[in-house]
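Trainee: My structure is stored as structure-v7.cif, with mmCIF, C-alpha atoms.
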data_protein
#
loop_
_atom_site.label_atom_id
_atom_site.label_comp_id
_atom_site.auth_asym_id
_atom_site.auth_seq_id
_atom_site.Cartn_x
_atom_site.Cartn_y
_atom_site.Cartn_z
CA MET W 182 129.68 112.52 158.39
CA LYS W 183 132.83 110.71 159.57
CA PHE W 184 133.89 107.75 157.41
CA LYS W 185 135.57 104.70 158.92
CA GLU W 186 138.93 103.67 157.50
CA LYS W 187 137.75 100.14 156.67
CA ASP W 188 134.79 101.62 154.70
CA LYS W 189 137.15 103.92 152.82
CA GLU W 190 139.41 101.02 151.89
CA LYS W 191 136.40 98.98 150.77
CA ALA W 192 135.13 101.90 148.64
CA ILE W 193 138.56 102.40 147.02
CA LYS W 194 138.83 98.69 146.20
CA MET W 195 135.35 98.63 144.60
CA TYR W 196 136.15 101.77 142.63
CA GLU W 197 139.37 100.24 141.29
CA GLU W 198 137.35 97.20 140.21
CA GLY W 199 135.31 99.46 137.95
CA ILE W 200 132.18 99.97 140.06
CA ASN W 201 130.51 103.37 139.74
CA ALA W 202 131.11 105.80 142.65
CA GLU W 203 127.37 106.45 143.19
CA GLU W 204 126.69 102.70 143.37
CA ILE W 205 129.53 102.33 145.92
CA PHE W 206 128.05 105.03 148.17
CA LYS W 207 124.59 103.46 147.97
CA LYS W 208 125.99 100.08 149.09
CA ILE W 209 128.46 101.21 151.78
CA PHE W 210 126.70 104.36 152.98
CA PRO W 211 122.99 103.72 152.32
CA ASP W 212 121.82 106.26 154.92
CA MET W 213 123.70 109.15 153.34
CA ASP W 214 121.45 111.60 151.45
CA ILE W 215 123.09 113.14 148.38
CA SER W 216 121.10 115.96 146.74
CA ASN W 217 120.91 116.69 143.00
CA TYR W 218 123.50 119.43 143.50
CA GLN W 219 126.00 116.95 144.95
CA LYS W 220 125.99 114.29 142.22
CA ASP W 221 129.78 114.44 141.84
CA TYR W 222 130.34 114.17 145.61
CA PRO W 223 130.90 110.35 145.65
CA SER W 224 133.44 110.38 142.82
CA LYS W 225 135.32 113.41 144.22
CA THR W 226 135.38 111.92 147.71
CA ILE W 227 136.70 108.54 146.57
CA ALA W 228 139.27 110.29 144.34
CA TYR W 229 140.44 112.27 147.40
CA TRP W 230 140.80 109.07 149.45
CA ILE W 231 142.83 107.49 146.66
CA ARG W 232 145.17 110.50 146.39
CA LYS W 233 145.66 110.48 150.15
CA LYS W 234 146.40 106.75 150.07
CA ASN W 235 148.75 107.09 147.10
CA LYS W 236 150.99 109.64 148.83
CA GLY W 237 153.04 106.84 150.28
CA ILE W 238 152.99 104.65 147.11
CA ASP W 239 156.14 104.53 145.03
CA ASN W 240 156.33 105.44 141.35
CA LYS W 241 156.65 101.80 140.27
CA THR W 242 153.24 100.95 141.74
CA LEU W 243 151.66 104.05 140.17
CA LYS W 244 153.00 103.09 136.73
CA LEU W 245 151.63 99.57 137.17
CA ARG W 246 148.18 100.92 138.03
CA LYS W 247 148.24 103.27 135.07
CA LEU W 248 149.20 100.38 132.78
CA GLN W 249 146.35 98.28 134.21
CA LYS W 250 143.89 101.09 133.42
CA GLU W 251 145.19 101.34 129.86
CA ILE W 252 144.86 97.57 129.41
CA LYS W 253 141.29 97.66 130.68
CA ALA W 254 140.49 100.55 128.33
CA LEU W 255 141.78 98.45 125.43
CA GLU W 256 139.73 95.46 126.63
CA ILE W 257 136.62 97.65 126.65
CA LYS W 258 137.38 98.90 123.15
CA VAL W 259 137.89 95.35 121.82
CA ALA W 260 134.69 94.06 123.47
CA LEU W 261 132.58 96.91 122.10
CA MET W 262 134.11 96.80 118.61
CA GLU W 263 133.62 93.02 118.36
CA LYS W 264 129.98 93.30 119.40
CA GLU W 265 129.48 96.23 117.02
CA SER W 266 130.88 94.24 114.08
CA VAL W 267 128.44 91.41 114.83
CA LEU W 268 125.29 93.43 115.50
CA PHE W 269 125.74 96.50 113.31
CA PRO W 270 128.65 96.17 110.86
CA THR W 271 127.51 99.27 108.95
CA LEU W 272 127.09 101.48 112.05
CA ARG W 273 129.91 103.81 110.98
CA LYS W 274 128.04 104.58 107.76
CA GLU W 275 124.79 105.41 109.57
CA ILE W 276 123.74 109.07 109.21
CA LYS W 277 120.69 109.32 111.51
CA LEU W 278 121.85 110.37 115.00
CA LYS W 279 118.90 108.81 116.86
CA ARG W 280 119.46 105.47 115.15
CA ILE W 281 123.21 105.62 115.88
CA LYS W 282 122.60 106.22 119.60
CA GLU W 283 120.03 103.46 119.84
CA LYS W 284 122.41 100.98 118.21
CA LYS W 285 125.26 102.01 120.52
CA PHE W 286 123.05 101.53 123.58
CA LYS W 287 122.14 98.09 122.22
CA ILE W 288 125.86 97.22 121.90
CA ILE W 289 126.55 98.40 125.47
CA TYR W 290 123.55 96.43 126.78
CA GLU W 291 124.77 93.21 125.12
CA VAL W 292 128.39 93.64 126.29
CA LYS W 293 127.28 94.42 129.86
CA LYS W 294 124.98 91.38 129.84
CA GLU W 295 127.81 89.08 128.76
CA ASN W 296 130.63 90.59 130.84
CA ASN W 297 130.02 92.28 134.19
CA TYR W 298 133.75 92.98 134.48
CA PHE W 299 133.20 96.32 132.71
CA SER W 300 131.36 99.07 134.55
CA LEU W 301 128.48 100.83 132.86
CA LYS W 302 130.33 104.15 133.21
CA GLU W 303 133.37 102.82 131.33
CA LEU W 304 131.20 101.50 128.49
CA LEU W 305 129.17 104.69 128.20
CA ASP W 306 132.30 106.84 128.29
CA PHE W 307 133.74 104.98 125.31
CA TYR W 308 130.79 106.08 123.15
CA SER W 309 130.37 109.44 124.99
CA LEU W 310 126.83 108.53 126.01
CA SER W 311 124.84 109.48 129.11
CA TYR W 312 123.26 107.46 131.90
CA SER W 313 119.88 109.07 131.27
CA GLY W 314 119.98 108.09 127.58
CA TYR W 315 120.86 104.51 128.47
CA TYR W 316 118.06 104.09 131.01
CA LYS W 317 115.63 105.70 128.59
CA TYR W 318 116.71 103.09 126.02
CA LEU W 319 116.08 100.29 128.54
CA LYS W 320 112.62 101.67 129.29
CA GLU W 321 111.72 101.89 125.59
CA LYS W 322 113.20 98.41 125.07
CA GLU W 323 110.84 97.02 127.69
CA LYS W 324 107.89 98.78 126.04
CA ARG W 325 108.88 97.33 122.63
CA LYS W 326 109.16 93.89 124.18
CA GLU W 327 105.64 94.15 125.60
CA LYS W 328 104.29 95.46 122.28
CA ASP W 329 106.02 92.64 120.37
CA GLU W 330 104.52 90.06 122.71
CA ASN W 331 101.03 91.47 122.14
CA LEU W 332 101.58 91.42 118.37
CA PHE W 333 102.89 87.89 118.58
CA GLN W 334 99.72 86.75 120.35
CA ALA W 335 97.53 88.23 117.58
CA ILE W 336 99.73 86.88 114.75
CA ASN W 337 100.10 83.46 116.34
CA LEU W 338 96.31 83.18 116.73
CA VAL W 339 95.82 83.68 112.97
CA PHE W 340 98.82 81.43 112.25
CA GLU W 341 97.44 78.56 114.35
CA ASP W 342 93.85 79.03 113.11
CA ASN W 343 95.14 78.53 109.56
CA ARG W 344 97.06 75.36 110.48
CA LYS W 345 100.45 77.13 110.22
CA LYS W 346 100.03 77.52 106.46
CA LYS W 347 99.69 81.31 106.13
CA GLY W 348 102.80 83.35 105.43
CA TYR W 349 103.54 86.86 106.68
CA ARG W 350 101.91 88.53 103.66
CA GLN W 351 98.57 86.77 104.10
CA ILE W 352 98.61 87.38 107.86
CA SER W 353 99.44 91.08 107.39
CA MET W 354 96.41 91.46 105.11
CA ILE W 355 94.13 89.58 107.52
CA LEU W 356 95.21 91.73 110.51
CA ASN W 357 95.68 94.90 108.43
CA LEU W 358 99.25 95.32 109.72
CA ASN W 359 102.47 96.39 108.01
CA HIS W 360 103.96 93.32 106.31
CA LYS W 361 107.51 94.16 107.45
CA GLN W 362 106.32 94.32 111.06
CA VAL W 363 104.58 90.93 110.75
CA HIS W 364 107.65 89.43 109.06
CA ARG W 365 109.89 90.70 111.91
CA ILE W 366 107.64 89.27 114.63
CA MET W 367 107.29 85.90 112.87
CA LYS W 368 111.05 85.70 112.44
CA LYS W 369 111.69 86.75 116.05
CA TYR W 370 109.36 84.12 117.52
CA GLY W 371 110.14 81.38 115.00
CA LEU W 372 106.77 81.24 113.23
CA ARG W 373 107.38 79.65 109.85
CA ALA W 374 104.71 78.56 107.40
CA GLU W 375 104.93 75.01 106.17
CA ILE W 376 106.40 75.06 102.65
CA ARG W 377 104.98 72.89 99.96
CA ARG W 378 107.37 70.48 98.27
CA ILE W 379 107.30 69.02 94.81
CA ASN W 380 105.93 65.49 94.91
CA LYS W 381 108.33 63.33 92.90
CA SER W 382 105.71 60.65 92.42
CA ARG W 383 103.47 62.99 90.41
CA VAL W 384 101.41 61.11 87.87
CA ARG W 385 102.86 61.28 84.35
CA LEU W 386 100.83 60.07 81.38
CA LYS W 387 102.03 59.41 77.84
CA LYS W 388 100.87 61.42 74.90
CA ASN W 389 98.05 60.04 72.82
CA GLN W 390 98.96 59.20 69.19
CA GLU W 391 96.31 61.63 67.94
CA ASN W 392 97.62 64.51 70.07
CA ILE W 393 98.64 67.82 68.53
CA ALA W 394 100.54 70.79 69.98
CA VAL W 395 100.07 74.53 69.43
CA LYS W 396 102.35 77.55 69.94
CA ASN W 397 103.04 79.21 73.26
CA ILE W 398 101.10 82.40 72.49
CA LEU W 399 100.95 83.52 76.13
CA ASN W 400 104.77 83.33 76.42
CA ARG W 401 104.78 83.90 80.20
CA LYS W 402 102.89 87.21 79.99
CA PHE W 403 101.10 86.41 83.22
CA LYS W 404 100.48 89.99 84.40
CA GLN W 405 97.38 90.91 82.46
CA LYS W 406 95.09 93.89 83.11
CA THR W 407 91.88 92.84 81.35
CA PRO W 408 89.68 90.12 82.87
CA TYR W 409 88.17 87.35 80.73
CA GLU W 410 90.83 87.48 78.03
CA PHE W 411 93.71 85.32 79.32
CA THR W 412 93.26 82.16 81.37
CA SER W 413 95.42 79.30 82.60
CA THR W 414 94.29 75.69 83.08
CA ASP W 415 95.75 72.47 84.43
CA ILE W 416 94.98 69.27 86.34
CA THR W 417 96.34 68.24 89.71
CA TYR W 418 95.92 65.04 91.68
CA LEU W 419 94.76 64.76 95.29
CA LYS W 420 95.60 61.64 97.28
CA HIS W 421 92.98 60.74 99.89
CA LYS W 422 91.65 57.60 101.54
CA ASN W 423 94.32 55.52 99.72
CA ARG W 424 93.13 56.65 96.29
CA PHE W 425 93.56 59.55 93.85
CA SER W 426 91.07 62.15 92.66
CA PHE W 427 91.82 64.71 89.95
CA LEU W 428 91.01 68.40 89.92
CA SER W 429 90.78 70.46 86.72
CA VAL W 430 90.77 74.27 87.07
CA VAL W 431 90.58 77.36 84.81
CA LYS W 432 92.00 80.56 86.34
CA ASP W 433 91.73 84.13 85.04
CA LEU W 434 95.23 85.62 84.81
CA ALA W 435 94.16 89.24 85.26
CA SER W 436 91.97 88.95 88.37
CA GLY W 437 93.14 85.60 89.74
CA GLU W 438 89.51 84.42 89.85
CA ILE W 439 88.76 80.70 89.46
CA LEU W 440 86.27 80.64 86.58
CA SER W 441 85.51 76.91 86.46
CA TRP W 442 86.61 73.65 88.05
CA ARG W 443 85.80 69.93 88.03
CA LEU W 444 86.72 67.09 90.37
CA SER W 445 86.81 63.53 89.02
CA LYS W 446 87.78 60.05 90.09
CA LYS W 447 89.41 59.58 86.71
CA MET W 448 92.05 61.57 84.87
CA ASN W 449 90.65 61.49 81.36
CA LEU W 450 89.60 63.67 78.46
CA ASP W 451 86.06 63.97 79.79
CA LEU W 452 87.40 65.85 82.85
CA VAL W 453 88.82 68.77 80.82
CA LEU W 454 85.85 68.84 78.41
CA LYS W 455 83.42 69.24 81.32
CA THR W 456 85.65 71.99 82.74
CA ILE W 457 85.35 73.82 79.39
CA ASP W 458 81.56 73.27 79.43
CA ASP W 459 81.43 74.89 82.87
CA LEU W 460 83.58 77.76 81.60
CA LYS W 461 81.18 78.23 78.67
CA GLY W 462 78.26 78.28 81.12
CA TYR W 463 80.01 80.93 83.23
CA PHE W 464 80.54 83.18 80.20
CA GLU W 465 76.95 82.77 79.00
CA LYS W 466 75.56 83.50 82.48
CA ASN W 467 77.55 86.75 82.67
CA ASN W 468 76.96 87.80 79.03
CA LEU W 469 80.66 87.52 78.16
CA GLU W 470 82.25 86.77 74.78
CA LEU W 471 84.20 83.53 74.48
CA ASN W 472 85.76 84.51 71.16
CA LYS W 473 88.05 86.98 72.98
CA LEU W 474 89.36 84.32 75.33
CA LEU W 475 92.78 82.63 75.30
CA ILE W 476 93.26 79.48 77.37
CA HIS W 477 96.80 78.34 78.18
CA SER W 478 97.79 74.84 79.31
CA ASP W 479 100.72 72.45 79.39
CA GLN W 480 101.18 69.65 76.85
CA GLY W 481 99.28 67.02 78.84
CA PHE W 482 97.56 64.42 76.68
CA GLN W 483 94.11 65.89 77.40
CA TYR W 484 95.07 69.35 76.12
CA THR W 485 96.83 68.06 73.02
CA ASN W 486 93.95 65.75 72.16
CA ARG W 487 92.28 66.61 68.88
CA ILE W 488 88.78 66.45 70.42
CA TYR W 489 89.72 69.07 73.02
CA HIS W 490 91.42 71.16 70.33
CA ASN W 491 88.31 71.07 68.13
CA ARG W 492 86.02 71.92 71.07
CA LEU W 493 87.99 75.12 71.72
CA LYS W 494 88.04 75.91 68.02
CA LYS W 495 84.26 75.52 67.83
CA LEU W 496 83.83 77.92 70.76
CA LYS W 497 86.32 80.32 69.06
CA ILE W 498 88.65 80.11 72.07
CA THR W 499 92.33 80.66 71.27
CA GLN W 500 94.54 77.83 72.49
CA SER W 501 98.08 78.31 73.84
CA MET W 502 100.50 75.71 75.22
CA SER W 503 103.65 75.65 77.34
CA ARG W 504 106.82 74.36 75.79
CA ARG W 505 107.43 70.74 76.58
CA GLY W 506 109.13 70.22 79.94
CA ASN W 507 108.74 73.89 80.97
CA SER W 508 106.32 73.96 83.91
CA VAL W 509 107.26 77.62 84.55
CA ASP W 510 105.37 78.49 81.34
CA ASN W 511 102.19 77.72 83.27
CA ALA W 512 103.32 79.02 86.67
CA PRO W 513 100.10 80.79 87.85
CA ILE W 514 97.97 77.64 87.93
CA GLU W 515 100.84 75.58 89.37
CA SER W 516 101.19 78.16 92.15
CA PHE W 517 97.44 78.05 92.84
CA PHE W 518 97.49 74.28 93.24
CA GLY W 519 100.47 74.51 95.57
CA HIS W 520 98.77 77.03 97.87
CA MET W 521 95.49 75.13 97.81
CA LYS W 522 97.15 71.86 98.88
CA ASP W 523 98.94 73.73 101.67
CA GLU W 524 95.75 75.24 103.01
CA ILE W 525 93.25 72.36 102.98
CA GLU W 526 93.27 69.07 104.87
CA TYR W 527 91.93 66.39 102.57
CA THR W 528 93.86 63.15 103.10
CA ASN W 529 91.21 61.51 105.30
CA LEU W 530 88.13 62.53 103.29
CA ASN W 531 86.00 60.48 100.93
CA PHE W 532 85.22 61.75 97.43
CA ASN W 533 81.99 63.58 98.34
CA GLN W 534 83.58 65.25 101.36
CA LEU W 535 86.53 66.29 99.21
CA HIS W 536 84.18 67.77 96.60
CA ASP W 537 82.39 69.85 99.27
CA LEU W 538 85.71 70.98 100.74
CA ILE W 539 87.02 72.16 97.37
CA ASN W 540 83.72 73.88 96.56
CA ASN W 541 83.97 75.87 99.82
CA TYR W 542 87.62 76.63 99.17
CA MET W 543 86.91 78.00 95.68
CA ILE W 544 84.18 80.28 97.03
CA GLU W 545 86.44 81.49 99.84
CA TYR W 546 89.37 81.96 97.42
CA ASN W 547 87.34 84.09 95.00
CA GLN W 548 85.39 86.10 97.55
CA GLN W 549 87.57 86.34 100.68
CA ARG W 550 91.24 85.60 99.97
CA LYS W 551 93.15 88.84 99.46
CA GLN W 552 95.95 88.81 96.88
CA TRP W 553 99.23 90.55 97.71
CA ASP W 554 100.05 91.44 94.09
CA ARG W 555 96.51 92.57 93.32
CA LYS W 556 96.30 95.64 95.55
CA LYS W 557 95.41 93.40 98.53
CA MET W 558 91.98 92.73 97.02
CA THR W 559 90.13 89.46 96.63
CA PRO W 560 89.98 88.10 93.03
CA ILE W 561 86.36 89.28 92.58
CA GLU W 562 87.12 92.72 94.06
CA TYR W 563 90.13 93.09 91.78
CA ARG W 564 88.13 91.90 88.75
CA ASN W 565 85.53 94.60 89.40
CA PHE W 566 88.27 97.15 89.94
CA LEU W 567 89.88 96.32 86.58
CA LEU W 568 86.54 96.38 84.76
CA ASN W 569 85.59 99.74 86.30
CA PHE W 570 89.00 101.16 85.42
CA ALA W 571 88.70 99.96 81.82
CA HIS W 572 85.19 101.39 81.60
CA LYS W 573 86.31 104.82 82.82
CA SER W 574 89.23 104.81 80.39
#
In structure tokens, what does this structure look like?
Mentor:
Amino acid sequence: MKFKEKDKEKAIKMYEEGINAEEIFKKIFPDMDISNYQKDYPSKTIAYWIRKKNKGIDNKTLKLRKLQKEIKALEIKVALMEKESVLFPTLRKEIKLKRIKEKKFKIIYEVKKENNYFSLKELLDFYSLSYSGYYKYLKEKEKRKEKDENLFQAINLVFEDNRKKKGYRQISMILNLNHKQVHRIMKKYGLRAEIRRINKSRVRLKKNQENIAVKNILNRKFKQKTPYEFTSTDITYLKHKNRFSFLSVVKDLASGEILSWRLSKKMNLDLVLKTIDDLKGYFEKNNLELNKLLIHSDQGFQYTNRIYHNRLKKLKITQSMSRRGNSVDNAPIESFFGHMKDEIEYTNLNFNQLHDLINNYMIEYNQQRKQWDRKKMTPIEYRNFLLNFAHKS
């Protein structure tokens, strides 16, 4: 094939601008068929044209061109090193070859996307990487993108169904996926669970003159292994329909199971006494011994009231209390209330509707809600697991 002089000059100019020789031939000579055995033909041909052209060029021009090439090489190095320091600052310490290559291809992809001034060949040559490896990376990248989008659809469906109040751990247990994978997808697509905040207007009541305090026997030993021995109790308020209702709960520290609860329109001593009556009924129904039970609370006026103290004493229940002003001493029940308020919509309900909602939530919490720190089991499943383990031991 005979090449025209104007096509040669155009090819040389494109080559000097950093365009790959094969790409030049495809654009200028699209009808030319180059077999697999002639892959280096374009580069050798253009190099020959350049040498022929340079025969009449003086040394000063040649030195200038060489200097320009060196400057461009330095520009490539700076661009790649800057991108590397941003994306993978510890790349030089990486020991797995496959991971190193993948990260280098990622750097080249980002630099090429931002600056088309550098040819792909120049960027690949800097890291001594191949065209085939790069295009394989792009193909796998596209597959990962499609897979991520499919995962996002599944995760987002659960996220939206739960009113954006489930975190990556809960979603990973619902979908039976790796929690790190779910966390990555949620972070990538900006899915963030609504975080509960401390309400500064929380109701604070003064201590009754007859109140008494007991020692903090539990002493933050929240991770228990035997059900029905250590429990935590507290009261929280729920604002709805321009009024407040008050919820009293007793939670088992070993299994996480809610053993008893009461909802009332008034925050008084009767509320916690009825909660204890319900707890007593639960133990009697399941043939359990109350005299082995410890119940831990804060120093609210109901729990320091002598009547409440005597009721526990009569039932042979050991009483434990947080130190004053240390809400962390009763963290498990505080955490439960926080999650519950995040996950239910109650502000527009009347009292009866709120009672039904909480009743359904307690059933779902005990029977269906898997717990991350309890082998991904529901509270009842984990309770049975602990009891069976203790029985076998």
Trainee: Taking (92.4, 80.3, 73.8) in the file's coordinates, which residues come within 7 Å, counting all atoms listed in the file, written as a PDB file with C-alpha atoms, in the coordinates of the input?
Mentor:
ATOM      1  CA  LEU W 474      89.360  84.320  75.330  1.00  0.00           C
ATOM      2  CA  LEU W 475      92.780  82.630  75.300  1.00  0.00           C
ATOM      3  CA  ILE W 476      93.260  79.480  77.370  1.00  0.00           C
ATOM      4  CA  HIS W 477      96.800  78.340  78.180  1.00  0.00           C
ATOM      5  CA  ILE W 498      88.650  80.110  72.070  1.00  0.00           C
ATOM      6  CA  THR W 499      92.330  80.660  71.270  1.00  0.00           C
ATOM      7  CA  GLN W 500      94.540  77.830  72.490  1.00  0.00           C
ATOM      8  CA  SER W 501      98.080  78.310  73.840  1.00  0.00           C
TER       9      SER W 501
END
Trainee: Could you pull the residues within 12 Å of Tyr484 of chain W, counting all atoms listed in the file, minus those fewer than 6 positions along the same chain, as an NGL selection string?
Mentor: :W and (388-389 or 391-395 or 413-416 or 429 or 449-454 or 456-457 or 476-478 or 490-493 or 500-503)
Trainee: Could you tell me, as a VMD selection string, exactly which residues end up selected when the PyMOL selection byres ((chain W and resi 440-446) around 10) is applied to this structure?
Mentor: chain W and resid 409 412 414 to 419 424 to 433 437 to 439 447 to 449 451 to 464 532 to 533 535 to 536 539 to 540 543 547
Trainee: Near Lys187 of chain W, within 12 Å and counting only C-alpha atoms, which residues show up once chain neighbours fewer than 6 positions away are dropped, as a VMD selection string?
Mentor: chain W and resid 193 to 194 209 230
Trainee: Here's the selection I'm unsure about, the PyMOL selection byres ((chain W and resi 337) around 12); applied to the file above, which residues does it give, as a PyMOL selection string?
Mentor: chain W and resi 329-336+338-349+352-353+356+363+366-368+370-374
Trainee: Separation of atom CA of Lys293 of chain W and atom CA of Tyr315 of chain W, in Å?
Mentor: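 Atom CA of Lys293 of chain W sits 12.0 Å away from atom CA of Tyr315 of chain W.
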Trainee: Apply the PyMOL selection byres ((chain W and resi 246-255) around 10) to the structure shown and report the selected residues as a count of residues only.
Mentor: 19
Trainee: From the list W:Asn529, W:Thr485, W:Thr407, W:Asn359, which residue is nearest Lys473 of chain W when using all atoms listed in the file?
Mentor: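 Of W:Asn529, W:Thr485, W:Thr407, W:Asn359, the one nearest Lys473 of chain W, counting all atoms listed in the file, is W:Thr407.
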Trainee: To one decimal in Å, tell me the separation between atom CA of Tyr527 of chain W and atom CA of Lys422 of chain W.
Mentor: 8.9 Å
Trainee: Work out how far atom CA of Lys369 of chain W is from atom CA of Ser516 of chain W, in Å to one decimal.
Mentor: 27.5 Å
Trainee: From the options W:Lys277, W:Lys302, W:Arg350, W:Lys557, which residue's atoms come nearest to Ile289 of chain W, counting only C-alpha atoms?
Mentor: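 Among the listed residues, W:Lys302 lies closest to Ile289 of chain W.
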